[in-house]
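Enquirer: Data file protein02.tsv (TSV, C-alpha atoms) is appended below.
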chain	number	residue	atom	x	y	z
A	195	MET	CA	73.83	77.14	72.16
A	196	GLN	CA	75.42	74.23	74.01
A	197	VAL	CA	79.22	74.13	74.21
A	198	ASN	CA	81.72	71.77	75.81
A	199	THR	CA	84.65	73.01	77.93
A	200	ASN	CA	87.53	71.29	79.67
A	201	LEU	CA	87.09	73.50	82.73
A	202	TYR	CA	83.34	73.16	83.34
A	203	GLY	CA	82.02	70.47	81.01
A	204	ASP	CA	78.86	71.25	79.05
A	205	LEU	CA	77.58	74.82	79.27
A	206	ILE	CA	74.80	76.82	77.67
A	207	LEU	CA	76.43	79.81	75.93
A	208	LEU	CA	74.32	82.95	75.97
A	209	THR	CA	74.52	84.35	72.43
A	210	THR	CA	71.40	86.53	72.14
A	211	PRO	CA	71.92	90.32	72.19
A	212	VAL	CA	71.65	91.89	75.64
A	213	LEU	CA	69.41	94.95	75.88
A	214	VAL	CA	70.39	98.24	77.52
A	215	GLY	CA	69.53	98.38	81.22
A	216	ALA	CA	71.46	95.40	82.60
A	217	ASN	CA	72.19	95.23	86.33
A	218	GLU	CA	75.11	93.71	88.20
A	219	SER	CA	74.85	93.16	91.95
A	220	ILE	CA	77.83	92.56	94.24
A	221	GLY	CA	76.95	91.38	97.72
A	222	PHE	CA	78.73	90.47	100.94
A	223	LYS	CA	77.42	89.40	104.35
A	224	THR	CA	78.11	91.21	107.63
A	225	ASP	CA	76.99	90.58	111.19
A	226	ILE	CA	76.69	93.79	113.23
A	227	PHE	CA	76.60	93.73	117.03
A	228	GLU	CA	75.48	97.09	118.39
A	229	ALA	CA	76.12	98.14	121.99
A	230	SER	CA	73.56	100.16	123.90
A	231	ASP	CA	75.64	103.33	123.43
A	232	GLY	CA	75.48	102.94	119.63
A	233	THR	CA	79.02	101.64	119.06
A	234	GLU	CA	79.39	98.67	116.73
A	235	GLN	CA	81.39	95.50	116.34
A	236	ARG	CA	81.22	94.09	112.82
A	237	THR	CA	82.14	90.62	111.59
A	238	THR	CA	82.39	89.64	107.94
A	239	LEU	CA	80.81	86.26	107.19
A	240	LYS	CA	81.74	85.89	103.52
A	241	ASP	CA	85.17	86.47	101.98
A	242	LYS	CA	83.96	86.17	98.39
A	243	ALA	CA	81.29	88.36	96.85
A	244	ARG	CA	77.95	87.02	95.62
A	245	GLN	CA	77.67	88.33	92.07
A	246	THR	CA	74.33	88.47	90.26
A	247	LEU	CA	73.72	89.48	86.64
A	248	SER	CA	70.23	90.63	85.64
A	249	PHE	CA	69.27	91.62	82.11
A	250	SER	CA	67.01	91.06	79.13
A	251	SER	CA	68.08	89.61	75.79
A	252	LEU	CA	66.31	89.59	72.42
A	253	SER	CA	65.71	86.94	69.74
A	254	ILE	CA	64.38	87.90	66.28
A	255	ARG	CA	62.64	85.79	63.63
A	256	GLN	CA	64.78	82.73	62.71
A	257	THR	CA	66.56	82.65	66.10
A	258	ILE	CA	63.36	82.41	68.17
A	259	THR	CA	63.00	78.65	67.66
A	260	GLN	CA	66.54	77.85	68.78
A	261	GLN	CA	66.41	80.21	71.74
A	262	PHE	CA	63.18	78.68	73.05
A	263	ASN	CA	64.75	75.21	72.95
A	264	VAL	CA	67.89	76.52	74.68
A	265	GLN	CA	65.89	78.24	77.42
A	266	TRP	CA	63.43	75.36	77.91
A	267	GLY	CA	66.09	72.65	78.03
A	268	GLY	CA	68.82	74.66	79.72
A	269	ILE	CA	66.99	76.48	82.49
A	270	ARG	CA	68.63	74.37	85.21
A	271	GLN	CA	72.00	73.84	83.56
A	272	LEU	CA	75.15	75.92	83.91
A	273	TRP	CA	75.44	78.89	81.55
A	274	ALA	CA	78.42	80.72	80.05
A	275	VAL	CA	77.41	84.39	80.26
A	276	PRO	CA	79.56	87.01	78.49
A	277	LEU	CA	80.01	90.32	80.28
A	278	TYR	CA	78.96	92.42	77.30
A	279	GLN	CA	79.58	95.60	79.26
A	280	GLU	CA	83.31	94.76	79.33
A	281	ARG	CA	83.92	94.65	75.59
A	282	GLN	CA	87.28	95.44	74.02
A	283	PHE	CA	88.43	95.16	70.41
A	284	VAL	CA	91.46	92.90	69.90
A	285	GLY	CA	91.53	92.51	66.10
A	286	ASP	CA	92.80	89.29	64.49
A	287	VAL	CA	93.72	86.35	66.73
A	288	GLY	CA	95.99	83.63	65.33
A	289	SER	CA	97.81	81.92	68.20
A	290	ASP	CA	97.33	80.68	71.74
A	291	PHE	CA	97.81	84.23	73.10
A	292	ILE	CA	95.48	87.22	72.89
A	293	THR	CA	97.07	90.63	73.37
A	294	CYS	CA	94.61	92.75	75.33
A	295	ASN	CA	94.08	94.96	78.37
A	296	THR	CA	93.89	92.81	81.49
A	297	ASP	CA	94.23	95.56	84.12
A	298	ILE	CA	90.63	96.76	84.26
A	299	TYR	CA	88.71	93.82	82.80
A	300	ASP	CA	87.45	90.79	84.74
A	301	PHE	CA	89.67	88.06	83.30
A	302	ARG	CA	90.90	85.28	85.59
A	303	ASP	CA	93.21	82.29	85.48
A	304	ASN	CA	91.39	79.07	84.50
A	305	SER	CA	88.30	80.84	83.25
A	306	LEU	CA	86.50	81.57	79.97
A	307	ALA	CA	86.34	84.38	77.43
A	308	LEU	CA	84.34	85.00	74.27
A	309	LEU	CA	85.55	86.15	70.86
A	310	LYS	CA	82.85	87.71	68.70
A	311	ASN	CA	82.64	89.20	65.20
A	312	ASP	CA	79.97	89.69	62.55
A	313	ALA	CA	80.28	86.07	61.43
A	314	GLY	CA	79.91	84.34	64.79
A	315	VAL	CA	81.35	83.61	68.21
A	316	LYS	CA	84.02	81.39	69.75
A	317	LEU	CA	84.42	80.44	73.41
A	318	VAL	CA	88.04	80.14	74.56
A	319	GLU	CA	89.63	78.88	77.77
A	320	ILE	CA	92.10	81.08	79.64
A	321	ILE	CA	95.01	79.30	81.26
A	322	GLU	CA	96.73	82.38	82.65
A	323	VAL	CA	96.09	86.10	82.77
A	324	GLN	CA	99.30	88.02	82.05
A	325	ALA	CA	100.14	91.72	82.08
A	326	THR	CA	99.89	92.02	78.29
A	327	GLY	CA	97.15	89.52	77.51
A	328	LEU	CA	95.63	86.07	77.90
A	329	GLN	CA	97.37	82.71	77.56
A	330	LEU	CA	94.83	80.31	76.00
A	331	SER	CA	94.57	76.54	76.27
A	332	GLU	CA	94.97	76.09	72.50
A	333	VAL	CA	95.77	77.93	69.28
A	334	THR	CA	92.77	79.98	68.17
A	335	THR	CA	92.14	81.70	64.84
A	336	PHE	CA	89.54	84.44	64.74
A	337	LYS	CA	89.27	87.58	62.61
A	338	ASN	CA	88.30	91.13	63.59
A	339	ALA	CA	87.42	90.04	67.13
A	340	LYS	CA	85.82	91.72	70.09
A	341	LEU	CA	86.73	90.12	73.42
A	342	TYR	CA	84.51	89.63	76.47
A	343	PRO	CA	85.10	88.01	79.87
A	344	VAL	CA	82.71	85.11	80.50
A	345	ARG	CA	81.22	84.06	83.83
A	346	VAL	CA	79.82	80.63	84.64
A	347	CYS	CA	76.34	81.03	86.11
A	348	PHE	CA	73.06	79.35	86.86
A	349	ILE	CA	69.60	80.89	86.53
A	350	ASN	CA	68.01	82.08	89.75
A	351	GLY	CA	64.28	81.40	89.55
A	352	ASP	CA	62.33	81.49	86.29
A	353	ILE	CA	62.86	82.84	82.79
A	354	THR	CA	60.33	85.51	81.84
A	355	ARG	CA	59.54	85.73	78.11
A	356	ASN	CA	57.72	88.41	76.12
A	357	ILE	CA	56.74	87.03	72.74
A	358	SER	CA	55.26	88.23	69.45
A	359	GLY	CA	55.23	86.96	65.90
A	360	ILE	CA	58.64	88.41	65.04
A	361	HIS	CA	60.58	88.60	68.29
A	362	ALA	CA	60.91	87.13	71.79
A	363	SER	CA	62.74	88.68	74.73
A	364	MET	CA	64.03	86.92	77.84
A	365	SER	CA	64.42	88.47	81.30
A	366	VAL	CA	66.58	86.49	83.69
A	367	ASP	CA	68.71	86.67	86.82
A	368	PHE	CA	72.00	84.77	86.79
A	369	ILE	CA	73.98	83.89	89.92
A	370	VAL	CA	77.70	83.65	89.18
A	371	VAL	CA	79.38	80.37	90.16
A	372	ASP	CA	83.00	81.43	89.61
A	373	GLU	CA	82.72	84.24	92.13
A	374	PRO	CA	85.11	87.20	91.84
A	375	VAL	CA	88.07	87.55	94.18
A	376	ILE	CA	89.54	91.07	94.15
A	377	GLU	CA	92.21	92.24	96.59
A	378	PRO	CA	92.44	96.02	96.13
A	379	GLU	CA	95.37	98.04	97.38
A	380	THR	CA	95.14	99.82	100.71
A	381	PRO	CA	94.23	103.49	100.10
A	382	VAL	CA	95.48	106.55	102.01
A	383	GLN	CA	95.04	106.08	105.77
A	384	PHE	CA	93.84	108.45	108.50
A	385	LEU	CA	94.00	107.29	112.13
A	386	GLY	CA	94.21	103.67	110.99
A	387	ASP	CA	91.25	103.64	108.58
A	388	ASP	CA	90.77	104.33	104.86
A	389	LEU	CA	90.41	107.97	103.83
A	390	TYR	CA	88.47	109.03	100.74
A	391	PHE	CA	87.54	112.33	99.14
A	392	PHE	CA	85.22	111.04	96.40
A	393	ASN	CA	82.33	113.23	95.30
A	394	LEU	CA	78.74	112.76	96.38
A	395	THR	CA	76.42	113.27	93.39
A	396	TYR	CA	73.01	114.85	93.77
A	397	SER	CA	69.87	113.19	92.43
A	398	GLY	CA	68.28	116.27	90.91
A	399	ASP	CA	69.33	119.53	92.55
A	400	ALA	CA	69.73	118.30	96.15
A	401	MET	CA	70.51	115.33	98.38
A	402	GLN	CA	68.30	113.96	101.12
A	403	ALA	CA	70.18	113.17	104.33
A	404	THR	CA	69.00	112.02	107.77
A	405	ILE	CA	70.20	112.81	111.29
A	406	SER	CA	69.04	110.04	113.63
A	407	GLN	CA	69.60	108.99	117.23
A	408	GLN	CA	68.11	106.20	119.30
A	409	GLN	CA	65.21	107.49	121.42
A	410	ASN	CA	63.53	106.32	124.62
A	411	ILE	CA	60.13	107.86	125.33
A	412	PHE	CA	58.58	107.49	128.80
A	413	ASP	CA	54.86	108.19	128.79
A	414	ASN	CA	52.38	106.59	131.19
A	415	GLY	CA	49.53	108.41	129.49
A	416	ILE	CA	48.43	110.50	132.48
A	417	GLY	CA	51.46	112.51	133.57
A	418	ASP	CA	54.56	114.13	132.15
A	419	ILE	CA	56.32	112.67	129.13
A	420	TYR	CA	60.12	112.28	128.99
A	421	GLN	CA	62.63	111.26	126.36
A	422	SER	CA	66.31	110.24	126.39
A	423	SER	CA	68.88	108.45	124.22
A	424	ASP	CA	71.38	105.69	125.00
A	425	TRP	CA	73.59	106.52	122.01
A	426	ASN	CA	76.69	108.65	122.52
A	427	PHE	CA	75.80	110.88	119.57
A	428	ALA	CA	73.60	111.14	116.51
A	429	ARG	CA	74.27	109.33	113.25
A	430	TYR	CA	74.25	111.01	109.86
A	431	GLY	CA	73.10	109.00	106.85
A	432	LYS	CA	72.91	109.84	103.16
A	433	PRO	CA	73.06	108.16	99.74
A	434	TYR	CA	76.36	107.72	97.94
A	435	ARG	CA	75.27	108.08	94.32
A	436	ALA	CA	77.87	107.83	91.58
A	437	VAL	CA	77.76	108.08	87.80
A	438	LEU	CA	80.65	106.08	86.35
A	439	LYS	CA	82.00	106.73	82.87
A	440	GLY	CA	84.13	104.11	81.16
A	441	GLN	CA	85.68	100.83	82.22
A	442	GLN	CA	88.44	102.43	84.32
A	443	GLN	CA	85.96	104.18	86.64
A	444	ILE	CA	83.82	101.03	86.86
A	445	HIS	CA	86.90	98.99	87.76
A	446	ASP	CA	87.94	101.53	90.43
A	447	TYR	CA	84.45	101.54	91.94
A	448	LYS	CA	84.42	97.74	92.16
A	449	ASN	CA	87.76	97.89	93.94
A	450	PHE	CA	86.15	100.28	96.43
A	451	LEU	CA	83.27	97.82	96.99
A	452	PHE	CA	85.62	94.90	97.56
A	453	ARG	CA	87.70	97.00	99.93
A	454	ARG	CA	84.54	97.75	101.93
A	455	GLN	CA	83.27	94.12	101.97
A	456	GLY	CA	79.72	95.39	102.34
A	457	ARG	CA	79.06	96.95	105.74
A	458	TYR	CA	82.25	95.54	107.26
A	459	ARG	CA	85.16	97.97	106.73
A	460	PRO	CA	84.70	101.68	107.67
A	461	PHE	CA	86.18	104.72	105.95
A	462	TRP	CA	86.64	108.42	106.63
A	463	LEU	CA	84.66	110.83	104.45
A	464	PRO	CA	83.85	114.54	104.74
A	465	THR	CA	80.27	115.76	104.92
A	466	TYR	CA	81.19	118.17	102.09
A	467	GLU	CA	78.98	120.73	103.85
A	468	SER	CA	80.15	124.09	105.20
A	469	ASN	CA	80.21	122.98	108.85
A	470	LEU	CA	82.71	125.57	110.15
A	471	ARG	CA	83.34	129.12	108.89
A	472	SER	CA	86.91	130.35	108.94
A	473	LYS	CA	87.79	133.72	110.52
A	474	SER	CA	91.55	133.28	110.27
A	475	THR	CA	93.88	135.61	108.38
A	476	GLY	CA	97.43	135.22	107.13
A	477	ILE	CA	99.01	131.77	107.22
A	478	VAL	CA	97.11	129.09	109.12
A	479	ALA	CA	99.51	126.69	110.82
A	480	ASP	CA	98.07	124.61	113.69
A	481	THR	CA	95.64	127.29	114.92
A	482	LEU	CA	92.37	128.02	113.12
A	483	PHE	CA	89.80	130.63	114.12
A	484	VAL	CA	86.15	129.97	113.24
A	485	GLU	CA	82.74	131.48	113.86
A	486	VAL	CA	81.00	130.23	117.01
A	487	ASP	CA	77.90	128.86	115.23
A	488	GLN	CA	77.02	126.81	118.36
A	489	TYR	CA	80.05	124.54	117.83
A	490	LYS	CA	81.30	124.64	121.43
A	491	GLN	CA	77.80	124.38	122.85
A	492	LEU	CA	76.45	121.47	120.79
A	493	ALA	CA	79.00	119.96	118.41
A	494	ASP	CA	82.39	119.88	120.12
A	495	GLN	CA	82.24	116.07	120.14
A	496	ARG	CA	83.09	116.39	116.47
A	497	GLN	CA	86.88	116.49	116.55
A	498	HIS	CA	87.82	115.58	112.99
A	499	ILE	CA	87.55	117.94	110.04
A	500	ALA	CA	88.48	118.10	106.36
A	501	ILE	CA	89.69	121.40	104.89
A	502	LYS	CA	89.56	122.20	101.18
A	503	CYS	CA	92.25	124.62	100.03
A	504	ASP	CA	92.75	125.48	96.35
A	505	GLY	CA	90.71	122.42	95.38
A	506	VAL	CA	92.64	119.94	97.56
A	507	TRP	CA	91.21	118.29	100.69
A	508	THR	CA	93.26	117.48	103.79
A	509	ALA	CA	92.27	115.65	107.00
A	510	HIS	CA	92.86	117.02	110.52
A	511	THR	CA	92.10	116.31	114.16
A	512	ILE	CA	90.96	119.06	116.56
A	513	THR	CA	93.09	118.55	119.66
A	514	ALA	CA	91.74	121.57	121.57
A	515	SER	CA	89.08	124.25	121.23
A	516	SER	CA	88.25	127.36	123.23
A	517	PHE	CA	86.34	130.62	123.07
A	518	VAL	CA	88.44	133.66	122.31
A	519	SER	CA	85.44	135.98	122.08
A	520	ALA	CA	81.68	135.80	122.06
A	521	SER	CA	81.74	135.15	118.32
A	522	THR	CA	85.02	133.29	117.76
A	523	VAL	CA	86.34	129.82	118.61
A	524	GLN	CA	90.00	128.88	118.40
A	525	LEU	CA	90.79	125.34	117.16
A	526	THR	CA	94.15	123.60	117.51
A	527	LEU	CA	94.82	121.22	114.59
A	528	THR	CA	97.04	118.25	113.94
A	529	PRO	CA	98.58	117.95	111.46
A	530	ALA	CA	99.10	121.67	110.85
A	531	LEU	CA	97.42	123.14	107.78
A	532	ASP	CA	100.25	125.51	106.74
A	533	LYS	CA	98.14	127.27	104.12
A	534	ALA	CA	97.01	130.83	103.54
A	535	ALA	CA	93.66	131.52	105.15
A	536	SER	CA	92.49	133.07	101.88
A	537	SER	CA	92.92	129.69	100.14
A	538	ILE	CA	90.40	127.95	102.43
A	539	GLN	CA	87.32	127.12	100.38
A	540	ARG	CA	85.40	124.89	102.78
A	541	ILE	CA	85.69	123.28	106.20
A	542	SER	CA	83.64	120.11	106.62
A	543	TYR	CA	83.26	117.66	109.44
A	544	LEU	CA	85.11	114.39	108.82
A	545	GLY	CA	83.27	111.26	109.94
A	546	LEU	CA	84.01	107.53	110.03
A	547	HIS	CA	81.42	105.92	107.76
A	548	ARG	CA	80.43	102.50	106.50
A	549	LEU	CA	78.18	101.33	103.72
A	550	ASP	CA	74.67	100.73	105.04
A	551	ALA	CA	74.03	97.81	102.68
A	552	ASP	CA	75.83	94.54	102.05
A	553	SER	CA	74.66	94.35	98.42
A	554	VAL	CA	75.21	97.07	95.81
A	555	THR	CA	73.69	97.12	92.33
A	556	LEU	CA	75.39	98.67	89.31
A	557	ASN	CA	72.89	99.85	86.68
A	558	TYR	CA	74.38	99.78	83.18
A	559	GLN	CA	72.90	102.59	81.07
A	560	GLY	CA	74.74	101.87	77.82
A	561	ALA	CA	77.63	103.71	76.14
A	562	GLY	CA	79.93	102.81	79.03
A	563	MET	CA	77.78	104.62	81.61
A	564	VAL	CA	76.88	103.10	84.97
A	565	GLU	CA	74.72	104.57	87.73
A	566	VAL	CA	74.96	103.25	91.28
A	567	SER	CA	73.61	104.36	94.63
A	568	VAL	CA	74.25	102.91	98.09
A	569	PRO	CA	73.37	104.35	101.53
A	570	ILE	CA	76.29	105.33	103.75
A	571	LEU	CA	76.13	105.86	107.52
A	572	GLU	CA	78.41	107.91	109.75
A	573	LEU	CA	79.49	105.86	112.79
A	574	GLU	CA	82.06	107.98	114.61
A	575	VAL	CA	83.05	111.64	114.65
Spell out the structure here as structure tokens.
Expert:
Amino acid sequence: MQVNTNLYGDLILLTTPVLVGANESIGFKTDIFEASDGTEQRTTLKDKARQTLSFSSLSIRQTITQQFNVQWGGIRQLWAVPLYQERQFVGDVGSDFITCNTDIYDFRDNSLALLKNDAGVKLVEIIEVQATGLQLSEVTTFKNAKLYPVRVCFINGDITRNISGIHASMSVDFIVVDEPVIEPETPVQFLGDDLYFFNLTYSGDAMQATISQQQNIFDNGIGDIYQSSDWNFARYGKPYRAVLKGQQQIHDYKNFLFRRQGRYRPFWLPTYESNLRSKSTGIVADTLFVEVDQYKQLADQRQHIAIKCDGVWTAHTITASSFVSASTVQLTLTPALDKAASSIQRISYLGLHRLDADSVTLNYQGAGMVEVSVPILELEV
């Protein structure tokens, strides 16, 4: 249906039900300049995120005629698209203020929202987002309302329709015009960069990871063959797959994405693998004894570790390492651990990572569930 707004003029309001399986993509743009030794310099080219909404909606019987006219005549107009995945119940509205949760929902000053009940819908204009609710541009009366943020969009490409005698569905990609601007708080820091201990979720019963390093092969076809690498060390890549439950987790994950700005801003993350095996006893202060396991021979470039004790992870730097026997290596840590050796559950390498994609897609599964996967790449150790 066509509606008129003071903020954006005439818009096409999407009113047809959205089917389960909607996608939301959040994308940035990063230039990466890689030196011959594998080190990187990254530059962000876009401060705001490009937001894309992709979904299917359904029209049944009497609504098919109207929806065809709306789609045919409105394909190149601006649309008001409710974020149906961000629904909250607000009850009866009878003033120019709606009391609601604004902390974890995508409401903005000088934007739009939708009120919806069994009888119909009403588009309202938000003047200001406050801690306890939304200040509207005018007094609004609406009963038993559900509230949705609304984004102003245009259709990217064509509308795909599946039609029958009793229903018609539309599949479409919307590009958001009023792009989101989120400034998340700075998380815990380690050596000047963000530190996270979020879980990595398996797809099935395992996770596929890749160790890679640039390779030069010299082969003239008739003699010996040689290989070398210009990179200082190998890179470790894996997928960061997350299953988000509820609006709070979705909100927190989006904050993480905006903090990253695509591939631009790095972060520390453990491998979560058992990379070192403790041999210490008693209280571990700044000295930790571990099994040799070829660490000194092949992996002593890795000087940052995360230690899990009694379910809690801490980050440390290895300032010195030495053999104390044929089977034991002594590590000097900063900061000191100051925990009982018996409480150590796992010792993992800690690496400086970045996202290996500028655009991330959130797949809405229904019932407040979202699945998302993005590749991450370890840059420094």
Enquirer: With only C-alpha atoms counted and 9 Å as the cut-off, give the residues of range 364-445 of chain A in contact with range 234-244 of chain A, each with its shortest interatomic distance in Å and the pair that gives it, as JSON lines.
Expert:
{"residue": "A:Ile369", "atom": "CA", "partner": "A:Arg244", "partner_atom": "CA", "distance": 7.6}
{"residue": "A:Val370", "atom": "CA", "partner": "A:Arg244", "partner_atom": "CA", "distance": 7.3}
{"residue": "A:Val371", "atom": "CA", "partner": "A:Arg244", "partner_atom": "CA", "distance": 8.7}
{"residue": "A:Glu373", "atom": "CA", "partner": "A:Ala243", "partner_atom": "CA", "distance": 6.4}
{"residue": "A:Pro374", "atom": "CA", "partner": "A:Ala243", "partner_atom": "CA", "distance": 6.4}
{"residue": "A:Val375", "atom": "CA", "partner": "A:Lys242", "partner_atom": "CA", "distance": 6.0}
{"residue": "A:Ile376", "atom": "CA", "partner": "A:Lys242", "partner_atom": "CA", "distance": 8.6}
Enquirer: I need the residues from that last selection saved to file as an mmCIF file, keeping the file's coordinate frame (with C-alpha atoms), if you can.
Expert:
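Output saved as part-v6.cif:
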data_model
loop_
_atom_site.group_PDB
_atom_site.id
_atom_site.type_symbol
_atom_site.label_atom_id
_atom_site.label_comp_id
_atom_site.auth_asym_id
_atom_site.auth_seq_id
_atom_site.Cartn_x
_atom_site.Cartn_y
_atom_site.Cartn_z
ATOM 1 C CA ILE A 369 73.980 83.890 89.920
ATOM 2 C CA VAL A 370 77.700 83.650 89.180
ATOM 3 C CA VAL A 371 79.380 80.370 90.160
ATOM 4 C CA GLU A 373 82.720 84.240 92.130
ATOM 5 C CA PRO A 374 85.110 87.200 91.840
ATOM 6 C CA VAL A 375 88.070 87.550 94.180
ATOM 7 C CA ILE A 376 89.540 91.070 94.150
#
Enquirer: Write out as JSON an axis-aligned box for range 508-514 of chain A: all of its atoms listed in the file, 5 Å added on each side, centre and edge lengths in Å with one decimal.
Expert:
{"center_x": 92.1, "center_y": 118.6, "center_z": 112.7, "size_x": 12.3, "size_y": 15.9, "size_z": 27.8}
Enquirer: Which residue is closest to Asn217 in chain A? Choose from A:Thr335, A:Asn557, A:Ser406, A:Asn449 and count all atoms listed in the file.
Expert: A:Asn557
Enquirer: Can you tell me how far CA of Asp504 in chain A sits from CA of Leu394 in chain A, in Å to one decimal?
Expert: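 Separating CA of Asp504 in chain A from CA of Leu394 in chain A is a distance of 18.9 Å.
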Enquirer: Applying 6 Å and all atoms listed in the file, which residues near range 562-575 of chain A remain after dropping the ones on its own chain fewer than 4 positions away? List them as a list in words.
Expert: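 My list of contacting residues is Arg429, Tyr430, Gly431, Lys432, Pro433, Tyr434, Arg435, Ala436, Val437, Leu438, Lys439, Gly440, Arg496, Gly545, Leu546, His547, Arg548, Leu549, Asp550, Leu556, Asn557 and Tyr558 of chain A.
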Enquirer: Please produce a file of the residues just selected, as a PDB file, in the frame of the given file, where the atoms kept are C-alpha atoms.
Expert:
ATOM      1  CA  ARG A 429      74.270 109.330 113.250  1.00  0.00           C
ATOM      2  CA  TYR A 430      74.250 111.010 109.860  1.00  0.00           C
ATOM      3  CA  GLY A 431      73.100 109.000 106.850  1.00  0.00           C
ATOM      4  CA  LYS A 432      72.910 109.840 103.160  1.00  0.00           C
ATOM      5  CA  PRO A 433      73.060 108.160  99.740  1.00  0.00           C
ATOM      6  CA  TYR A 434      76.360 107.720  97.940  1.00  0.00           C
ATOM      7  CA  ARG A 435      75.270 108.080  94.320  1.00  0.00           C
ATOM      8  CA  ALA A 436      77.870 107.830  91.580  1.00  0.00           C
ATOM      9  CA  VAL A 437      77.760 108.080  87.800  1.00  0.00           C
ATOM     10  CA  LEU A 438      80.650 106.080  86.350  1.00  0.00           C
ATOM     11  CA  LYS A 439      82.000 106.730  82.870  1.00  0.00           C
ATOM     12  CA  GLY A 440      84.130 104.110  81.160  1.00  0.00           C
ATOM     13  CA  ARG A 496      83.090 116.390 116.470  1.00  0.00           C
ATOM     14  CA  GLY A 545      83.270 111.260 109.940  1.00  0.00           C
ATOM     15  CA  LEU A 546      84.010 107.530 110.030  1.00  0.00           C
ATOM     16  CA  HIS A 547      81.420 105.920 107.760  1.00  0.00           C
ATOM     17  CA  ARG A 548      80.430 102.500 106.500  1.00  0.00           C
ATOM     18  CA  LEU A 549      78.180 101.330 103.720  1.00  0.00           C
ATOM     19  CA  ASP A 550      74.670 100.730 105.040  1.00  0.00           C
ATOM     20  CA  LEU A 556      75.390  98.670  89.310  1.00  0.00           C
ATOM     21  CA  ASN A 557      72.890  99.850  86.680  1.00  0.00           C
ATOM     22  CA  TYR A 558      74.380  99.780  83.180  1.00  0.00           C
TER      23      TYR A 558
END
Enquirer: Quick one, how far is CA of Pro343 in chain A from CA of Leu207 in chain A?
Expert: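 About the pair CA of Pro343 in chain A and CA of Leu207 in chain A: they are 12.6 Å apart.
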Enquirer: Would you fill the gaps in range 527-541 of chain A so it has N, CA and C atoms, then print it as a PDB file, keeping the file's coordinate frame?
Expert:
ATOM      1  N   LEU A 527      94.885 122.305 115.558  1.00  0.00           N
ATOM      2  CA  LEU A 527      94.820 121.220 114.590  1.00  0.00           C
ATOM      3  C   LEU A 527      96.086 120.394 114.578  1.00  0.00           C
ATOM      4  N   THR A 528      95.915 119.119 114.285  1.00  0.00           N
ATOM      5  CA  THR A 528      97.040 118.250 113.940  1.00  0.00           C
ATOM      6  C   THR A 528      96.578 117.329 112.806  1.00  0.00           C
ATOM      7  N   PRO A 529      97.367 117.196 111.742  1.00  0.00           N
ATOM      8  CA  PRO A 529      98.580 117.950 111.460  1.00  0.00           C
ATOM      9  C   PRO A 529      98.264 119.406 111.139  1.00  0.00           C
ATOM     10  N   ALA A 530      99.290 120.250 111.165  1.00  0.00           N
ATOM     11  CA  ALA A 530      99.100 121.670 110.850  1.00  0.00           C
ATOM     12  C   ALA A 530      98.668 121.831 109.397  1.00  0.00           C
ATOM     13  N   LEU A 531      97.891 122.880 109.142  1.00  0.00           N
ATOM     14  CA  LEU A 531      97.420 123.140 107.780  1.00  0.00           C
ATOM     15  C   LEU A 531      98.515 123.775 106.923  1.00  0.00           C
ATOM     16  N   ASP A 532      99.173 124.810 107.440  1.00  0.00           N
ATOM     17  CA  ASP A 532     100.250 125.510 106.740  1.00  0.00           C
ATOM     18  C   ASP A 532      99.808 126.016 105.365  1.00  0.00           C
ATOM     19  N   LYS A 533      98.673 126.672 105.346  1.00  0.00           N
ATOM     20  CA  LYS A 533      98.140 127.270 104.120  1.00  0.00           C
ATOM     21  C   LYS A 533      97.643 128.673 104.423  1.00  0.00           C
ATOM     22  N   ALA A 534      97.564 129.487 103.385  1.00  0.00           N
ATOM     23  CA  ALA A 534      97.010 130.830 103.540  1.00  0.00           C
ATOM     24  C   ALA A 534      95.520 130.729 103.849  1.00  0.00           C
ATOM     25  N   ALA A 535      95.085 131.530 104.789  1.00  0.00           N
ATOM     26  CA  ALA A 535      93.660 131.520 105.150  1.00  0.00           C
ATOM     27  C   ALA A 535      92.782 131.855 103.952  1.00  0.00           C
ATOM     28  N   SER A 536      93.276 132.692 103.056  1.00  0.00           N
ATOM     29  CA  SER A 536      92.490 133.070 101.880  1.00  0.00           C
ATOM     30  C   SER A 536      92.270 131.915 100.912  1.00  0.00           C
ATOM     31  N   SER A 537      93.076 130.844 101.035  1.00  0.00           N
ATOM     32  CA  SER A 537      92.920 129.690 100.140  1.00  0.00           C
ATOM     33  C   SER A 537      91.880 128.693 100.642  1.00  0.00           C
ATOM     34  N   ILE A 538      91.381 128.880 101.867  1.00  0.00           N
ATOM     35  CA  ILE A 538      90.400 127.950 102.430  1.00  0.00           C
ATOM     36  C   ILE A 538      89.062 128.137 101.734  1.00  0.00           C
ATOM     37  N   GLN A 539      88.592 127.071 101.098  1.00  0.00           N
ATOM     38  CA  GLN A 539      87.320 127.120 100.380  1.00  0.00           C
ATOM     39  C   GLN A 539      86.167 126.544 101.195  1.00  0.00           C
ATOM     40  N   ARG A 540      86.464 125.526 101.994  1.00  0.00           N
ATOM     41  CA  ARG A 540      85.400 124.890 102.780  1.00  0.00           C
ATOM     42  C   ARG A 540      86.012 124.127 103.934  1.00  0.00           C
ATOM     43  N   ILE A 541      85.311 124.105 105.053  1.00  0.00           N
ATOM     44  CA  ILE A 541      85.690 123.280 106.200  1.00  0.00           C
ATOM     45  C   ILE A 541      84.501 122.384 106.517  1.00  0.00           C
TER      46      ILE A 541
END
